[in-house]
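Structure file upload-v4.cif with mmCIF, C-alpha atoms:
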data_data
loop_
_atom_site.group_PDB
_atom_site.id
_atom_site.type_symbol
_atom_site.label_atom_id
_atom_site.label_comp_id
_atom_site.auth_asym_id
_atom_site.auth_seq_id
_atom_site.Cartn_x
_atom_site.Cartn_y
_atom_site.Cartn_z
ATOM 1 C CA MET A 10 -30.543 -39.743 -32.147
ATOM 2 C CA ASN A 11 -29.857 -41.043 -28.659
ATOM 3 C CA ARG A 12 -26.521 -39.222 -28.588
ATOM 4 C CA LEU A 13 -28.205 -35.919 -29.452
ATOM 5 C CA LEU A 14 -30.845 -36.490 -26.767
ATOM 6 C CA ILE A 15 -28.218 -37.332 -24.131
ATOM 7 C CA ASN A 16 -26.212 -34.269 -25.163
ATOM 8 C CA LYS A 17 -29.263 -32.011 -24.732
ATOM 9 C CA ILE A 18 -30.070 -33.540 -21.342
ATOM 10 C CA VAL A 19 -26.498 -33.106 -20.068
ATOM 11 C CA LEU A 20 -26.346 -29.557 -21.442
ATOM 12 C CA SER A 21 -29.644 -28.686 -19.761
ATOM 13 C CA LEU A 22 -28.543 -30.148 -16.416
ATOM 14 C CA SER A 23 -25.211 -28.323 -16.622
ATOM 15 C CA SER A 24 -26.927 -25.022 -17.431
ATOM 16 C CA LEU A 25 -29.427 -25.538 -14.596
ATOM 17 C CA SER A 26 -26.584 -26.262 -12.154
ATOM 18 C CA ALA A 27 -24.752 -23.111 -13.246
ATOM 19 C CA ILE A 28 -27.895 -21.006 -12.822
ATOM 20 C CA ILE A 29 -28.573 -22.445 -9.333
ATOM 21 C CA THR A 30 -24.975 -21.761 -8.318
ATOM 22 C CA ILE A 31 -25.126 -18.175 -9.579
ATOM 23 C CA VAL A 32 -28.463 -17.573 -7.831
ATOM 24 C CA PHE A 33 -27.093 -18.754 -4.473
ATOM 25 C CA LEU A 34 -23.898 -16.740 -4.981
ATOM 26 C CA PHE A 35 -25.803 -13.529 -5.677
ATOM 27 C CA TRP A 36 -28.163 -14.298 -2.797
ATOM 28 C CA ILE A 37 -25.220 -14.559 -0.404
ATOM 29 C CA LEU A 38 -23.538 -11.414 -1.783
ATOM 30 C CA ALA A 39 -26.808 -9.464 -1.757
ATOM 31 C CA THR A 40 -27.568 -10.424 1.850
ATOM 32 C CA LEU A 41 -24.019 -9.630 2.906
ATOM 33 C CA SER A 42 -24.092 -6.276 1.111
ATOM 34 C CA VAL A 43 -27.452 -5.188 2.521
ATOM 35 C CA LYS A 44 -26.695 -6.145 6.109
ATOM 36 C CA GLY A 45 -23.016 -5.178 5.918
ATOM 37 C CA LEU A 46 -23.503 -1.771 4.326
ATOM 38 C CA GLY A 47 -26.320 -1.047 6.775
ATOM 39 C CA SER A 48 -23.920 -1.624 9.675
ATOM 40 C CA LEU A 49 -20.958 0.320 8.303
ATOM 41 C CA HIS A 50 -19.866 3.551 9.961
ATOM 42 C CA PHE A 51 -16.635 5.508 10.199
ATOM 43 C CA ASP A 52 -15.974 4.590 13.853
ATOM 44 C CA LEU A 53 -15.376 0.995 12.804
ATOM 45 C CA PHE A 54 -12.047 2.002 11.279
ATOM 46 C CA ILE A 55 -10.745 4.137 14.136
ATOM 47 C CA ASN A 56 -11.734 2.070 17.196
ATOM 48 C CA ASP A 57 -10.625 -1.295 18.514
ATOM 49 C CA LEU A 58 -13.032 -4.169 19.119
ATOM 50 C CA VAL A 59 -13.426 -3.281 22.789
ATOM 51 C CA LYS A 60 -14.880 0.076 21.648
ATOM 52 C CA GLY A 61 -17.051 -1.360 18.890
ATOM 53 C CA GLY A 62 -14.562 -1.064 16.033
ATOM 54 C CA ILE A 63 -12.352 -3.386 13.989
ATOM 55 C CA LEU A 64 -9.115 -1.408 13.636
ATOM 56 C CA ASN A 65 -7.055 -3.790 15.783
ATOM 57 C CA LEU A 66 -8.665 -6.781 14.061
ATOM 58 C CA LEU A 67 -7.699 -5.588 10.586
ATOM 59 C CA ILE A 68 -4.144 -4.839 11.663
ATOM 60 C CA GLY A 69 -3.855 -8.178 13.462
ATOM 61 C CA GLN A 70 -5.251 -10.183 10.532
ATOM 62 C CA PHE A 71 -2.950 -8.513 8.002
ATOM 63 C CA THR A 72 0.050 -8.800 10.326
ATOM 64 C CA MET A 73 -0.310 -12.575 10.620
ATOM 65 C CA ALA A 74 -1.003 -12.936 6.893
ATOM 66 C CA ILE A 75 2.055 -10.855 5.956
ATOM 67 C CA ILE A 76 4.306 -12.821 8.328
ATOM 68 C CA ALA A 77 2.912 -16.036 6.830
ATOM 69 C CA THR A 78 3.706 -14.671 3.368
ATOM 70 C CA PHE A 79 7.309 -13.919 4.315
ATOM 71 C CA ILE A 80 7.619 -17.500 5.572
ATOM 72 C CA GLY A 81 5.599 -19.318 2.938
ATOM 73 C CA VAL A 82 6.651 -17.595 -0.279
ATOM 74 C CA PRO A 83 10.432 -18.216 -0.056
ATOM 75 C CA LEU A 84 9.958 -21.827 1.091
ATOM 76 C CA GLY A 85 7.291 -22.512 -1.521
ATOM 77 C CA MET A 86 9.268 -20.902 -4.333
ATOM 78 C CA MET A 87 12.471 -22.775 -3.465
ATOM 79 C CA ALA A 88 10.570 -26.060 -3.368
ATOM 80 C CA GLY A 89 8.892 -25.245 -6.692
ATOM 81 C CA ILE A 90 12.241 -24.358 -8.267
ATOM 82 C CA TYR A 91 13.714 -27.633 -7.043
ATOM 83 C CA LEU A 92 10.821 -29.641 -8.495
ATOM 84 C CA ARG A 93 11.023 -28.019 -11.928
ATOM 85 C CA GLU A 94 14.718 -27.233 -12.344
ATOM 86 C CA TYR A 95 16.729 -29.673 -10.240
ATOM 87 C CA SER A 96 14.706 -32.819 -9.546
ATOM 88 C CA ASN A 97 14.858 -34.325 -13.060
ATOM 89 C CA GLN A 98 11.419 -35.830 -12.400
ATOM 90 C CA SER A 99 12.813 -38.110 -9.684
ATOM 91 C CA ARG A 100 10.726 -40.228 -7.317
ATOM 92 C CA LEU A 101 11.348 -37.676 -4.559
ATOM 93 C CA ALA A 102 9.843 -34.959 -6.768
ATOM 94 C CA SER A 103 6.739 -37.092 -7.292
ATOM 95 C CA VAL A 104 6.418 -37.611 -3.541
ATOM 96 C CA ILE A 105 6.775 -33.875 -2.858
ATOM 97 C CA ARG A 106 4.150 -33.004 -5.479
ATOM 98 C CA ASN A 107 1.709 -35.535 -4.064
ATOM 99 C CA LEU A 108 2.250 -34.337 -0.494
ATOM 100 C CA SER A 109 1.844 -30.737 -1.633
ATOM 101 C CA ASP A 110 -1.457 -31.558 -3.349
ATOM 102 C CA ILE A 111 -2.694 -33.398 -0.262
ATOM 103 C CA THR A 112 -1.761 -30.503 2.027
ATOM 104 C CA MET A 113 -3.386 -27.978 -0.329
ATOM 105 C CA SER A 114 -6.671 -29.889 -0.259
ATOM 106 C CA ALA A 115 -6.565 -30.685 3.464
ATOM 107 C CA PRO A 116 -9.232 -28.976 5.621
ATOM 108 C CA SER A 117 -7.834 -25.859 7.244
ATOM 109 C CA ILE A 118 -9.050 -26.993 10.663
ATOM 110 C CA VAL A 119 -6.729 -30.017 10.418
ATOM 111 C CA ILE A 120 -3.775 -27.681 9.888
ATOM 112 C CA GLY A 121 -4.951 -25.625 12.856
ATOM 113 C CA VAL A 122 -5.065 -28.700 15.103
ATOM 114 C CA PHE A 123 -1.597 -29.735 13.901
ATOM 115 C CA VAL A 124 -0.088 -26.330 14.714
ATOM 116 C CA TYR A 125 -1.941 -26.329 18.038
ATOM 117 C CA ALA A 126 -0.292 -29.632 18.968
ATOM 118 C CA ILE A 127 3.167 -28.384 17.933
ATOM 119 C CA PHE A 128 3.222 -24.724 19.018
ATOM 120 C CA VAL A 129 0.340 -24.078 21.425
ATOM 121 C CA SER A 130 -0.174 -27.193 23.511
ATOM 122 C CA PRO A 131 3.459 -27.543 24.732
ATOM 123 C CA VAL A 132 3.462 -23.995 26.138
ATOM 124 C CA ASN A 133 -0.290 -23.942 26.932
ATOM 125 C CA HIS A 134 -0.588 -20.495 25.371
ATOM 126 C CA TYR A 135 -2.066 -19.055 22.167
ATOM 127 C CA SER A 136 0.105 -16.686 20.145
ATOM 128 C CA GLY A 137 0.263 -14.686 16.945
ATOM 129 C CA TRP A 138 3.325 -16.679 15.920
ATOM 130 C CA ALA A 139 1.298 -19.894 15.989
ATOM 131 C CA GLY A 140 -1.406 -18.269 13.876
ATOM 132 C CA SER A 141 1.180 -17.093 11.346
ATOM 133 C CA ALA A 142 2.702 -20.590 11.245
ATOM 134 C CA ALA A 143 -0.700 -22.141 10.492
ATOM 135 C CA LEU A 144 -1.375 -19.664 7.689
ATOM 136 C CA SER A 145 2.098 -20.183 6.201
ATOM 137 C CA ILE A 146 1.555 -23.965 6.118
ATOM 138 C CA MET A 147 -1.634 -23.340 4.149
ATOM 139 C CA MET A 148 0.205 -21.020 1.787
ATOM 140 C CA ILE A 149 3.292 -23.135 1.023
ATOM 141 C CA PRO A 150 1.642 -25.843 -1.138
ATOM 142 C CA ILE A 151 -0.157 -23.194 -3.215
ATOM 143 C CA ILE A 152 3.140 -21.416 -3.898
ATOM 144 C CA ILE A 153 4.866 -24.718 -4.675
ATOM 145 C CA SER A 154 2.212 -25.645 -7.227
ATOM 146 C CA THR A 155 2.137 -22.160 -8.772
ATOM 147 C CA THR A 156 5.932 -21.905 -9.073
ATOM 148 C CA ASP A 157 6.214 -25.421 -10.486
ATOM 149 C CA ASN A 158 3.493 -24.805 -13.073
ATOM 150 C CA MET A 159 4.700 -21.349 -14.105
ATOM 151 C CA LEU A 160 8.291 -22.492 -14.558
ATOM 152 C CA SER A 161 7.077 -25.374 -16.707
ATOM 153 C CA LEU A 162 5.606 -22.806 -19.124
ATOM 154 C CA VAL A 163 8.953 -21.081 -19.665
ATOM 155 C CA PRO A 164 10.350 -22.281 -23.035
ATOM 156 C CA LYS A 165 13.410 -24.525 -22.885
ATOM 157 C CA GLU A 166 15.008 -22.311 -25.516
ATOM 158 C CA LEU A 167 15.463 -19.563 -22.917
ATOM 159 C CA ARG A 168 17.408 -21.931 -20.676
ATOM 160 C CA GLU A 169 19.472 -23.147 -23.615
ATOM 161 C CA ALA A 170 20.239 -19.556 -24.615
ATOM 162 C CA GLY A 171 21.489 -18.886 -21.099
ATOM 163 C CA ILE A 172 23.695 -21.966 -21.212
ATOM 164 C CA ALA A 173 25.061 -20.891 -24.609
ATOM 165 C CA LEU A 174 26.050 -17.551 -23.097
ATOM 166 C CA GLY A 175 27.991 -19.364 -20.380
ATOM 167 C CA GLY A 176 25.571 -18.734 -17.541
ATOM 168 C CA SER A 177 25.606 -20.984 -14.512
ATOM 169 C CA LYS A 178 22.511 -22.948 -13.503
ATOM 170 C CA HIS A 179 21.482 -20.692 -10.640
ATOM 171 C CA LYS A 180 22.051 -17.499 -12.642
ATOM 172 C CA ILE A 181 19.933 -18.795 -15.513
ATOM 173 C CA ILE A 182 17.129 -19.594 -13.057
ATOM 174 C CA LEU A 183 17.333 -16.280 -11.214
ATOM 175 C CA GLN A 184 17.944 -13.929 -14.122
ATOM 176 C CA ILE A 185 16.065 -15.614 -16.971
ATOM 177 C CA VAL A 186 13.582 -18.288 -15.906
ATOM 178 C CA LEU A 187 12.113 -16.545 -12.858
ATOM 179 C CA LYS A 188 11.870 -13.228 -14.686
ATOM 180 C CA ALA A 189 9.943 -14.916 -17.483
ATOM 181 C CA ALA A 190 7.533 -16.473 -14.978
ATOM 182 C CA LYS A 191 7.294 -13.572 -12.513
ATOM 183 C CA VAL A 192 3.772 -12.456 -13.476
ATOM 184 C CA GLY A 193 2.306 -15.930 -13.023
ATOM 185 C CA ILE A 194 4.138 -16.485 -9.735
ATOM 186 C CA THR A 195 3.048 -13.071 -8.448
ATOM 187 C CA THR A 196 -0.546 -13.912 -9.336
ATOM 188 C CA GLY A 197 -0.262 -17.186 -7.410
ATOM 189 C CA VAL A 198 1.121 -15.363 -4.379
ATOM 190 C CA LEU A 199 -1.784 -12.884 -4.432
ATOM 191 C CA LEU A 200 -4.362 -15.652 -4.725
ATOM 192 C CA ALA A 201 -2.699 -17.573 -1.890
ATOM 193 C CA PHE A 202 -2.707 -14.403 0.229
ATOM 194 C CA ALA A 203 -6.392 -13.891 -0.557
ATOM 195 C CA ARG A 204 -7.106 -17.389 0.686
ATOM 196 C CA ILE A 205 -5.280 -17.144 4.000
ATOM 197 C CA ILE A 206 -6.530 -13.641 4.812
ATOM 198 C CA GLY A 207 -10.054 -15.049 5.133
ATOM 199 C CA GLU A 208 -9.252 -18.189 7.137
ATOM 200 C CA THR A 209 -10.852 -18.745 10.527
ATOM 201 C CA ALA A 210 -10.468 -22.376 11.593
ATOM 202 C CA PRO A 211 -6.643 -22.456 11.936
ATOM 203 C CA LEU A 212 -6.670 -19.264 13.997
ATOM 204 C CA LEU A 213 -9.273 -20.590 16.443
ATOM 205 C CA PHE A 214 -6.678 -23.114 17.641
ATOM 206 C CA THR A 215 -3.545 -20.976 17.332
ATOM 207 C CA SER A 216 -3.838 -17.210 17.775
ATOM 208 C CA ALA A 217 -7.326 -17.114 19.365
ATOM 209 C CA ASN A 218 -8.337 -13.439 19.601
ATOM 210 C CA ASN A 219 -7.710 -10.195 21.450
ATOM 211 C CA ALA A 220 -10.202 -7.349 21.826
ATOM 212 C CA TYR A 221 -7.393 -4.835 22.438
ATOM 213 C CA PHE A 222 -4.744 -3.470 20.106
ATOM 214 C CA THR A 223 -1.446 -5.312 20.454
ATOM 215 C CA MET A 224 1.566 -6.130 18.320
ATOM 216 C CA ASN A 225 2.903 -8.676 20.806
ATOM 217 C CA LEU A 226 2.955 -11.876 18.776
ATOM 218 C CA ASN A 227 3.817 -13.893 21.885
ATOM 219 C CA ASP A 228 0.305 -13.300 23.219
ATOM 220 C CA GLN A 229 -3.230 -13.882 21.935
ATOM 221 C CA PHE A 230 -3.496 -11.850 18.754
ATOM 222 C CA PRO A 231 -6.384 -9.873 17.234
ATOM 223 C CA SER A 232 -8.073 -11.672 14.354
ATOM 224 C CA LEU A 233 -10.858 -10.341 12.150
ATOM 225 C CA THR A 234 -12.144 -13.775 11.117
ATOM 226 C CA VAL A 235 -12.214 -15.200 14.647
ATOM 227 C CA SER A 236 -13.986 -12.056 15.867
ATOM 228 C CA ILE A 237 -16.639 -12.443 13.161
ATOM 229 C CA TYR A 238 -17.233 -15.999 14.360
ATOM 230 C CA ASN A 239 -17.479 -14.884 17.990
ATOM 231 C CA LEU A 240 -19.627 -11.811 17.340
ATOM 232 C CA ALA A 241 -22.108 -13.775 15.226
ATOM 233 C CA ASN A 242 -22.785 -16.019 18.224
ATOM 234 C CA TYR A 243 -23.436 -13.186 20.682
ATOM 235 C CA PRO A 244 -27.098 -12.610 21.602
ATOM 236 C CA ASP A 245 -27.140 -8.810 21.266
ATOM 237 C CA GLU A 246 -27.998 -7.177 17.940
ATOM 238 C CA LYS A 247 -25.111 -4.697 18.122
ATOM 239 C CA SER A 248 -22.537 -7.502 18.077
ATOM 240 C CA ARG A 249 -24.261 -9.210 15.159
ATOM 241 C CA ASP A 250 -24.340 -5.931 13.219
ATOM 242 C CA LEU A 251 -20.608 -5.565 13.835
ATOM 243 C CA ALA A 252 -20.130 -9.121 12.545
ATOM 244 C CA TRP A 253 -22.034 -8.265 9.351
ATOM 245 C CA ALA A 254 -19.965 -5.120 8.811
ATOM 246 C CA ALA A 255 -16.687 -6.972 9.391
ATOM 247 C CA SER A 256 -17.811 -9.771 7.048
ATOM 248 C CA PHE A 257 -18.599 -7.267 4.307
ATOM 249 C CA ILE A 258 -15.229 -5.556 4.695
ATOM 250 C CA LEU A 259 -13.391 -8.890 4.625
ATOM 251 C CA THR A 260 -15.298 -9.934 1.491
ATOM 252 C CA VAL A 261 -14.374 -6.683 -0.255
ATOM 253 C CA ILE A 262 -10.703 -7.169 0.684
ATOM 254 C CA VAL A 263 -10.623 -10.750 -0.629
ATOM 255 C CA LEU A 264 -12.498 -9.740 -3.794
ATOM 256 C CA PHE A 265 -10.089 -6.854 -4.415
ATOM 257 C CA ILE A 266 -7.018 -9.094 -4.043
ATOM 258 C CA ASN A 267 -8.547 -11.704 -6.351
ATOM 259 C CA LEU A 268 -9.343 -9.058 -8.960
ATOM 260 C CA ILE A 269 -5.738 -7.879 -8.902
ATOM 261 C CA GLY A 270 -4.607 -11.463 -9.437
ATOM 262 C CA ARG A 271 -7.019 -11.935 -12.349
ATOM 263 C CA PHE A 272 -5.897 -8.634 -13.864
ATOM 264 C CA LEU A 273 -2.260 -9.691 -13.739
ATOM 265 C CA THR A 274 -3.162 -13.016 -15.356
ATOM 266 C CA ARG A 275 -4.987 -11.239 -18.167
ATOM 267 C CA GLN A 276 -2.094 -8.835 -18.672
ATOM 268 C CA ARG A 277 0.242 -11.798 -18.955
ATOM 269 C CA GLY A 278 -1.996 -13.320 -21.586
#
Rendering of file as structure tokens:
Amino acid sequence: MNRLLINKIVLSLSSLSAIITIVFLFWILATLSVKGLGSLHFDLFINDLVKGGILNLLIGQFTMAIIATFIGVPLGMMAGIYLREYSNQSRLASVIRNLSDITMSAPSIVIGVFVYAIFVSPVNHYSGWAGSAALSIMMIPIIISTTDNMLSLVPKELREAGIALGGSKHKIILQIVLKAAKVGITTGVLLAFARIIGETAPLLFTSANNAYFTMNLNDQFPSLTVSIYNLANYPDEKSRDLAWAASFILTVIVLFINLIGRFLTRQRG
């Protein structure tokens, strides 16, 4: 009798927690949608920040995220392949996994301060390269974990079949194992990209911001997230409306990327 009572209490508390979470989530999304949609207009997408638009901010944010992806994905995948295919569950592999998990759960502002100390402070100058480096550091552990986990799901029989056909280790990995896990790895890359595209804290210390359009990564670089933070603190209503509009657009972008990732996962299943 006591077990049934405890079960009902725990179930009720769990359901209540889920309902509270959903209510707050819809409250946030509803507020963001109302204020964001009310501030949207076509000029946002054709003007730079200095003229009341976000064109340069979108281009700058995606540029740093794409550069971070080109850095983080190869490094993360190679590390993940080593852990699953070459390490033989050694002590070094355990250390790498633990460090990867720690880095993945570390606050993004800590990564921003680290990159600031390495790339910004010595030259006393913010840059797009530093921002890309910070985002890539955030991305690498996610890719490592995803690659490691997806490769572990590939049946050993596929590897054994490759060996039976006389394939070398690297060819079996490239032509059989990775192809079998490509959907899961691609999903992980998209989810990692969705995470870094909405980061603010690392960029505050690395790329800063630029109100003008520029593709010079050696200088302060336009950032949508940093601009949202700055605009929200301005006293005039026009700047705050621009912050709401930019926040809504960023939310839609992140949601769209996440939906693609979920779709790919479902297709794989």
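The residues returned by the PyMOL selection byres ((chain A and resi 57-67) around 6) on the shown structure are Leu53, Phe54, Ile55, Asn56, Ile68, Gly69, Gln70, Ala220, Phe222, Pro231, Ser232 and Leu233 of chain A.
Atom to atom, atom CA of Ile194 of chain A and atom CA of Gly137 of chain A stand 27.0 Å apart.
For the pair atom CA of Val119 of chain A and atom CA of Thr260 of chain A, the interatomic distance is 23.6 Å.
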Open item on the list: Using the chain letters and numbers from this file, what does the PyMOL selection byres ((chain A and resi 82) around 8) select? Give the answer as a PyMOL selection string.
Closed with: chain A and resi 78-81+83-86+148-149+152+198
Open item on the list: Within 9 Å of (-3.6, -18.1, -1.3) (file coordinates; all atoms listed in the file), which protein or nucleic acid residues are there? I'd like them as a ChimeraX atom specification.
Closed with: /A:147-149,151-152,197-206
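Close contacts of segment 164-175 of chain A, defined as residues with an atom at most 12 Å away when counting only C-alpha atoms, with chain neighbours fewer than 6 positions off set aside, comprise A:Arg93, A:Glu94, A:Ile181, A:Ile182, A:Leu183, A:Gln184, A:Ile185, A:Val186, A:Leu187, A:Lys188, A:Ala189, A:Ala190.
In this structure, atom CA of Tyr95 of chain A sits 17.2 Å away from atom CA of Ser109 of chain A.
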Around all listed atoms of segment 33-40 of chain A, padded 6 Å per side, what centre and edge lengths does the axis-aligned box have in Å to one decimal, as lines of an AutoDock Vina configuration file?
center_x = -25.9
center_y = -14.1
center_z = -1.9
size_x = 16.6
size_y = 21.3
size_z = 19.5
Task: Given only C-alpha atoms as the counted atoms, nearest of A:Ser23, A:Gly207, A:Ala139, A:Pro131 to Leu264 of chain A - done: A:Gly207
